Amino acid sequence: MTHEIILSGFGGQGIMAMGKMLAEAGMQEGLSVNWLPSYGPEVRGGTANCSVLLSSEPIISPLVLEPTEIIVMNKPSLLRFEPQLVSGGHAFVNSSIIEIQASRRDITAFYVPCLDIAQELGNPRIANMVMLGAYIEVTQCLHAKTVEQMLAHLFTGAKAGLVALNKEALRRGAASILKAAC
Amino acid sequence: MAIVYERSRGLTETEMHFCPGCTHGVIHKLVAEVLEELDIIGSTIGVASVGCSAFAYNYFACDMQQAAHGRAPAVATGIKRVHPHLAVFTYQGDGDLAAIGTAEIVHAAMRGEKITAIFANNAIYGMTGGQMAPTTLLGQKSTTSPQGRQKEMHGSPIRMAEMLATLDGCVYTERVMVADPASIAKAKRAIKKAFTLQLSGAGFTMVELLSTCPTNWGLSPVEAVGWLKENLVPCYPLGVYADKAEQKEATR
Amino acid sequence: MAKELWKGNEAVAEAAIRAGCRFFFGYPITPQNEIPEYFSRHMPEHDGVFLQAESEVAAINMAYGAAGCGARVMTSSSSPGISLKQEGISYMAGAELPVVIVNMMRGGPGLGSIAPAQSDYFQATRGGGNGDYRTVVLAPATIQEMTDLTQEAFDIADIYRIPVLIVADGMIGQMMEAVEWKQPKPRKLPKKSWATDGTKGKREHNIISSLFIDPKDCTLHNHRLQQKHDLITQHEIRFEEYLTDDAEILFVAYGTTARICQAAVLRLREAGVKAGVFRPISLWPFPEKELYDCANRAGVKAVLCAEMSMGQMIDDVKIALGGSKSVHFFGTGGGTCPTPAELTKAAQDALEGV
């Protein structure tokens, strides 16, 4: 099992954090993992993307050139990375702000209104966690529980209150997929 | 017979390479005597630089490091950070401290690095054979300013004691000369004060010593001393430019 | 021990602290800024010193001073900054001071790009500064290996009194991988009786210097350095072979490029082409004999050197093979990585040419 994932969006959408969560959770489940950010001059509000590799085999090359999944949080990201997706791959599209649809027929796109859901939960900054919940629900590459347990380690002290919110975001993301499938 | 004079224990027995009449030997002696009087020969690390000062590591009896051209304050910083309780000094000439090593001396002073810079200013590059220094006087001839230093072409002499005095981390700079017994005695007091302040943890200290280079000035040793007083001193006024440790005490 | 997810730049800094390094002098430059940032956060916890210098030149000279006092010291930078450090590296080689220097290579020449590259190979393996000297150069391919090599680097530096470079690239610096902190195998380290730590009136003064004004003395010094280099060449060569036993096409690559070559090897094998990778880990000393033996096994038809440069390590590959095999090359310069597809095609082309 190997998942080659590209995550992309605006700076500030929590792209890097989402990727790190995936890698950390993968490692905890005993998978080989790699997280690789694209980096450039420091610019606020610029584009941000990273790749994550999750594999039951040792990871050889860290490059993700033909992703099996893309998580795109803005329109430029969809336009840029959809062509790279392997045939049969999955695109996770932030449909709250991306008004267009994926154009390829040989891939499966999941439209997740993650920003709308996050706003319903009262915090637009957790849109990434909503998306992560959707991603895990579809790919089943990880147990949602692993990520939930990580949250408890991540948010401690004054931030402990964020654990419940983030868990809820993950669940709502997963639920959005189930709803779409109905 | 009574001993009236002997070499400071701060110096080794190595014969110095300096030209006849050069005042580097005097400055070495003063630093060595201060180390001896403060009883810190065994707890001092000196940094030799590049130029006529390059062989200082052979002459001082304390532990020594030899640094690349201009980098002595950076090397001294590394040493002091490892051994905060030892005394650390650099021994640098004008090319080393005021040209190629300007960044290093300014930033060591800015950080208030607890070191003492012994700065021998003779307004010329000695070791390399008499080239123009940043401290060369306007009109002064050198092998790279054969028509004399010109303001439009080369800029004006740089005054390091004044310059560094503007930095908060620099607690003490004084310019002295080594031209006669009285000025040499005064120079020694300045060096001792600098080391004492360093050891008290006050901050960065520097003593600028106007010195002679008879060989490259093309003068006899005696003429050179006269030239120093008549020409260097007016451009580089003697005196204390920073003494912030005293100010601190005064405000208390 | 449990695995932890570490970013390359932070992992190399943590590994240094675990190796007993308590002094770091640095200057910011992309893509290695997490190294000084990590030290600035964590050195105080270990009573260590992090100091941001006014320049790379000052940083390496601070390292000189600290190393001269016998301390374990590190400095790091990326390509243009490493160029600035060359003066100090030459002086440290001359004064025989141990230091570990990290270069997270980026594209050049000049300001170049900030993307991953391997174009400082010549500079790293040929000394880099003035004079006749070498530095030990270790090139990890994974973050785990980088942390393991960091401990080894400090030991090698101390044992031989020599600067050791850890060369990786911006990708290894920026990526995160799992790290298992290992207890290094202890090596016998010599006492640093040469260090300047104050005579305390109990010994002759120690002198740290690279100056030997009498050419006879300087010649002797150079011979002594050469003997040391020979000793290192005998004892400190490191390399790895990947599926080379039956290989007909042999990649030679290091660091990130070697990993991409391994991916190409799997593709080639799927297509029925037996491919393997010879990966030098110590770039200096270069595994000359080991590469020669590997490349001259019965099955090897062609050798393909791959680098993120326009061709630098290939010189060492050719020296090692001594004309026994033709050497093909695939390189990318300026901050782009080769892809497995490109390397696969280059290998197929090389085999067709045989």
# chains A, B, ... in the order shown; residues from 1 in each chain; ligands from 1
>>> interface_residues(of="chain C", to="chain B", cutoff="7 Å", atoms="only C-alpha atoms", output="list in words")
Glu54, Ala58, Asn61, Met62, Ala63, Tyr64, Gly65, Ala66, Cys69, Thr196, Gly198, Thr199, Lys200, Gly201, His205, Asn206, Ile207, Ile208 and Ser209 of chain C
>>> write_last_selection(atoms="C-alpha atoms", output="PDB file, in the first residue's frame")
ATOM      1  CA  GLU C  54      27.523  38.951  11.798  1.00  0.00           C
ATOM      2  CA  ALA C  58      32.680  35.458  11.501  1.00  0.00           C
ATOM      3  CA  ASN C  61      36.093  31.948  12.875  1.00  0.00           C
ATOM      4  CA  MET C  62      34.116  31.780  16.102  1.00  0.00           C
ATOM      5  CA  ALA C  63      34.046  28.028  15.526  1.00  0.00           C
ATOM      6  CA  TYR C  64      37.828  28.180  15.098  1.00  0.00           C
ATOM      7  CA  GLY C  65      38.227  29.877  18.466  1.00  0.00           C
ATOM      8  CA  ALA C  66      35.876  27.482  20.246  1.00  0.00           C
ATOM      9  CA  CYS C  69      39.612  25.518  23.155  1.00  0.00           C
ATOM     10  CA  THR C 196      44.036  26.454  24.655  1.00  0.00           C
ATOM     11  CA  GLY C 198      44.800  28.438  30.070  1.00  0.00           C
ATOM     12  CA  THR C 199      48.233  27.152  31.080  1.00  0.00           C
ATOM     13  CA  LYS C 200      47.373  27.549  34.792  1.00  0.00           C
ATOM     14  CA  GLY C 201      51.133  27.931  35.141  1.00  0.00           C
ATOM     15  CA  HIS C 205      51.699  27.640  26.378  1.00  0.00           C
ATOM     16  CA  ASN C 206      49.610  25.906  23.716  1.00  0.00           C
ATOM     17  CA  ILE C 207      49.445  27.505  20.297  1.00  0.00           C
ATOM     18  CA  ILE C 208      46.692  27.042  17.742  1.00  0.00           C
ATOM     19  CA  SER C 209      48.053  28.194  14.411  1.00  0.00           C
TER      20      SER C 209
END
>>> residues_around(residues="Glu82 of chain A", least_positions_apart="2", cutoff="12 Å", atoms="only C-alpha atoms", output="PyMOL selection string")
chain A and resi 5-8+65-72+75-80+84-93+101-109
>>> write_last_selection(atoms="C-alpha atoms", output="short mmCIF file (atom, residue, chain, number, x, y, z; two decimals), in the first residue's frame")
data_model
loop_
_atom_site.label_atom_id
_atom_site.label_comp_id
_atom_site.auth_asym_id
_atom_site.auth_seq_id
_atom_site.Cartn_x
_atom_site.Cartn_y
_atom_site.Cartn_z
CA ILE A 5 -0.36 12.71 -1.76
CA ILE A 6 -0.01 16.32 -2.78
CA LEU A 7 -1.65 18.93 -0.55
CA SER A 8 -1.92 22.46 -1.88
CA LEU A 65 5.53 13.32 -9.28
CA GLU A 66 2.44 11.23 -10.00
CA PRO A 67 0.24 11.55 -6.90
CA THR A 68 -2.37 8.95 -6.12
CA GLU A 69 -4.35 11.66 -4.33
CA ILE A 70 -4.43 15.42 -4.37
CA ILE A 71 -5.96 17.64 -1.70
CA VAL A 72 -6.57 21.03 -3.24
CA LYS A 75 -8.55 26.85 -7.54
CA PRO A 76 -4.94 27.38 -8.73
CA SER A 77 -4.00 24.18 -6.91
CA LEU A 78 -6.69 22.17 -8.68
CA LEU A 79 -5.61 23.55 -12.06
CA ARG A 80 -1.97 22.80 -11.33
CA GLN A 84 -0.43 15.15 -12.46
CA LEU A 85 -2.85 12.77 -10.75
CA VAL A 86 -2.47 9.10 -11.71
CA SER A 87 -5.28 7.56 -13.67
CA GLY A 88 -7.81 6.30 -11.16
CA GLY A 89 -6.53 8.75 -8.54
CA HIS A 90 -8.58 10.82 -6.13
CA ALA A 91 -8.96 14.58 -5.98
CA PHE A 92 -10.24 16.22 -2.79
CA VAL A 93 -11.59 19.63 -3.69
CA GLN A 101 -15.12 20.91 -11.08
CA ALA A 102 -12.31 18.55 -11.90
CA SER A 103 -12.09 18.03 -15.65
CA ARG A 104 -10.67 14.53 -15.95
CA ARG A 105 -12.95 11.51 -16.37
CA ASP A 106 -10.37 8.93 -15.28
CA ILE A 107 -10.19 10.21 -11.73
CA THR A 108 -12.64 10.48 -8.86
CA ALA A 109 -13.24 13.89 -7.35
#
>>> select_by_dssp(residues="segment 189-332 of chain C", states="strand (DSSP E)", output="ChimeraX atom specification")
/C:207-208,239-242,249-252,275-280,282-284,302-307,327-331
>>> write_last_selection(atoms="C-alpha atoms", output="compact mmCIF listing (two decimals), in the first residue's frame")
# COMPACT_ATOMS: atom_id res chain seq x y z
CA ILE C 207 49.44 27.51 20.30
CA ILE C 208 46.69 27.04 17.74
CA PHE C 239 29.33 3.45 0.85
CA GLU C 240 26.22 1.41 0.14
CA GLU C 241 25.23 -0.88 -2.69
CA TYR C 242 21.63 -1.35 -3.81
CA ILE C 249 23.55 -0.96 -15.54
CA LEU C 250 25.14 0.59 -12.48
CA PHE C 251 24.07 4.00 -11.24
CA VAL C 252 26.58 5.93 -9.16
CA ALA C 275 19.94 -2.16 -12.56
CA GLY C 276 21.67 -1.23 -9.30
CA VAL C 277 23.01 1.76 -7.42
CA PHE C 278 26.45 2.32 -5.94
CA ARG C 279 26.09 5.11 -3.36
CA PRO C 280 29.20 6.77 -1.94
CA SER C 282 31.85 9.38 2.23
CA LEU C 283 32.50 11.65 -0.76
CA TRP C 284 35.98 12.23 0.60
CA ALA C 302 27.55 0.41 -18.35
CA VAL C 303 28.04 2.90 -15.52
CA LEU C 304 25.76 5.92 -15.21
CA CYS C 305 26.74 8.73 -12.86
CA ALA C 306 23.77 10.88 -11.81
CA GLU C 307 24.04 14.15 -9.92
CA VAL C 327 30.96 6.34 -17.75
CA HIS C 328 27.67 7.93 -18.80
CA PHE C 329 26.21 10.94 -17.11
CA PHE C 330 22.84 12.41 -16.25
CA GLY C 331 22.74 15.69 -14.38
>>> interface_residues(of="chain A", to="chain C", cutoff="9 Å", atoms="only C-alpha atoms", output="count of residues only")
20
>>> residues_around(residues="segment 115-131 of chain A", least_positions_apart="5", cutoff="12 Å", atoms="only C-alpha atoms", output="number ranges by chain")
A: 7-22, 70-74, 91-98, 110, 136-138, 144, 147-148, 151, 162-177
>>> select_by_dssp(residues="segment 43-168 of chain A", states="alpha helix (DSSP H)", output="PyMOL selection string")
chain A and resi 75-81+114-120+127-139+144-154+162-168
>>> residues_around(residues="Glu37 of chain B", least_positions_apart="5", cutoff="12 Å", atoms="only C-alpha atoms", output="PyMOL selection string")
chain B and resi 8-10+30-32+188-189+191-193+195-196
>>> residues_around(residues="segment 149-153 of chain B", least_positions_apart="4", cutoff="12 Å", atoms="only C-alpha atoms", output="JSON, numbers by chain")
{"B": [123, 124, 131, 132, 133, 134, 135, 136, 137, 138, 139, 140, 141, 142, 143, 144, 145, 157, 158]}
>>> residues_around(residues="Asp158 of chain C", least_positions_apart="4", cutoff="12 Å", atoms="only C-alpha atoms", output="PDB file with C-alpha atoms, in the first residue's frame")
ATOM      1  CA  ALA C  19      26.720  14.108  20.187  1.00  0.00           C
ATOM      2  CA  GLY C  20      27.825  16.561  22.854  1.00  0.00           C
ATOM      3  CA  CYS C  21      28.066  19.673  20.713  1.00  0.00           C
ATOM      4  CA  ALA C  67      37.376  24.388  18.599  1.00  0.00           C
ATOM      5  CA  GLY C  68      40.824  25.657  19.570  1.00  0.00           C
ATOM      6  CA  GLY C  70      38.754  21.842  22.711  1.00  0.00           C
ATOM      7  CA  ALA C  71      34.984  22.255  22.490  1.00  0.00           C
ATOM      8  CA  ARG C  72      32.711  20.259  20.189  1.00  0.00           C
ATOM      9  CA  VAL C  73      31.451  22.890  17.804  1.00  0.00           C
ATOM     10  CA  GLU C  96      44.127  20.829  12.707  1.00  0.00           C
ATOM     11  CA  LEU C  97      40.950  21.787  14.503  1.00  0.00           C
ATOM     12  CA  PRO C  98      37.945  19.471  14.752  1.00  0.00           C
ATOM     13  CA  VAL C  99      34.653  20.963  13.616  1.00  0.00           C
ATOM     14  CA  VAL C 100      31.482  19.722  11.969  1.00  0.00           C
ATOM     15  CA  VAL C 136      36.039  14.550   5.434  1.00  0.00           C
ATOM     16  CA  GLN C 151      27.533  11.535  15.712  1.00  0.00           C
ATOM     17  CA  GLU C 152      30.146   9.841  13.555  1.00  0.00           C
ATOM     18  CA  ALA C 153      31.203  13.188  12.121  1.00  0.00           C
ATOM     19  CA  PHE C 154      32.050  14.600  15.550  1.00  0.00           C
ATOM     20  CA  ILE C 162      40.049  17.610  10.947  1.00  0.00           C
ATOM     21  CA  PRO C 163      36.993  19.541   9.720  1.00  0.00           C
ATOM     22  CA  VAL C 164      34.140  17.231   8.709  1.00  0.00           C
ATOM     23  CA  ARG C 187      34.993   5.219  19.591  1.00  0.00           C
ATOM     24  CA  LYS C 188      38.178   5.862  21.479  1.00  0.00           C
ATOM     25  CA  LEU C 189      38.740   9.597  21.408  1.00  0.00           C
ATOM     26  CA  PRO C 190      42.137  11.180  21.975  1.00  0.00           C
ATOM     27  CA  LYS C 191      42.662  13.726  24.750  1.00  0.00           C
ATOM     28  CA  LYS C 192      42.749  17.312  23.554  1.00  0.00           C
ATOM     29  CA  SER C 193      45.995  18.202  25.280  1.00  0.00           C
ATOM     30  CA  TRP C 194      46.681  20.722  22.516  1.00  0.00           C
ATOM     31  CA  ALA C 195      43.676  22.889  23.402  1.00  0.00           C
TER      32      ALA C 195
END
>>> residues_around(residues="segment 211-228 of chain B", least_positions_apart="6", cutoff="8 Å", atoms="only C-alpha atoms", output="number ranges by chain")
B: 19-24, 120-122, 124, 126, 129-130, 142, 177-179
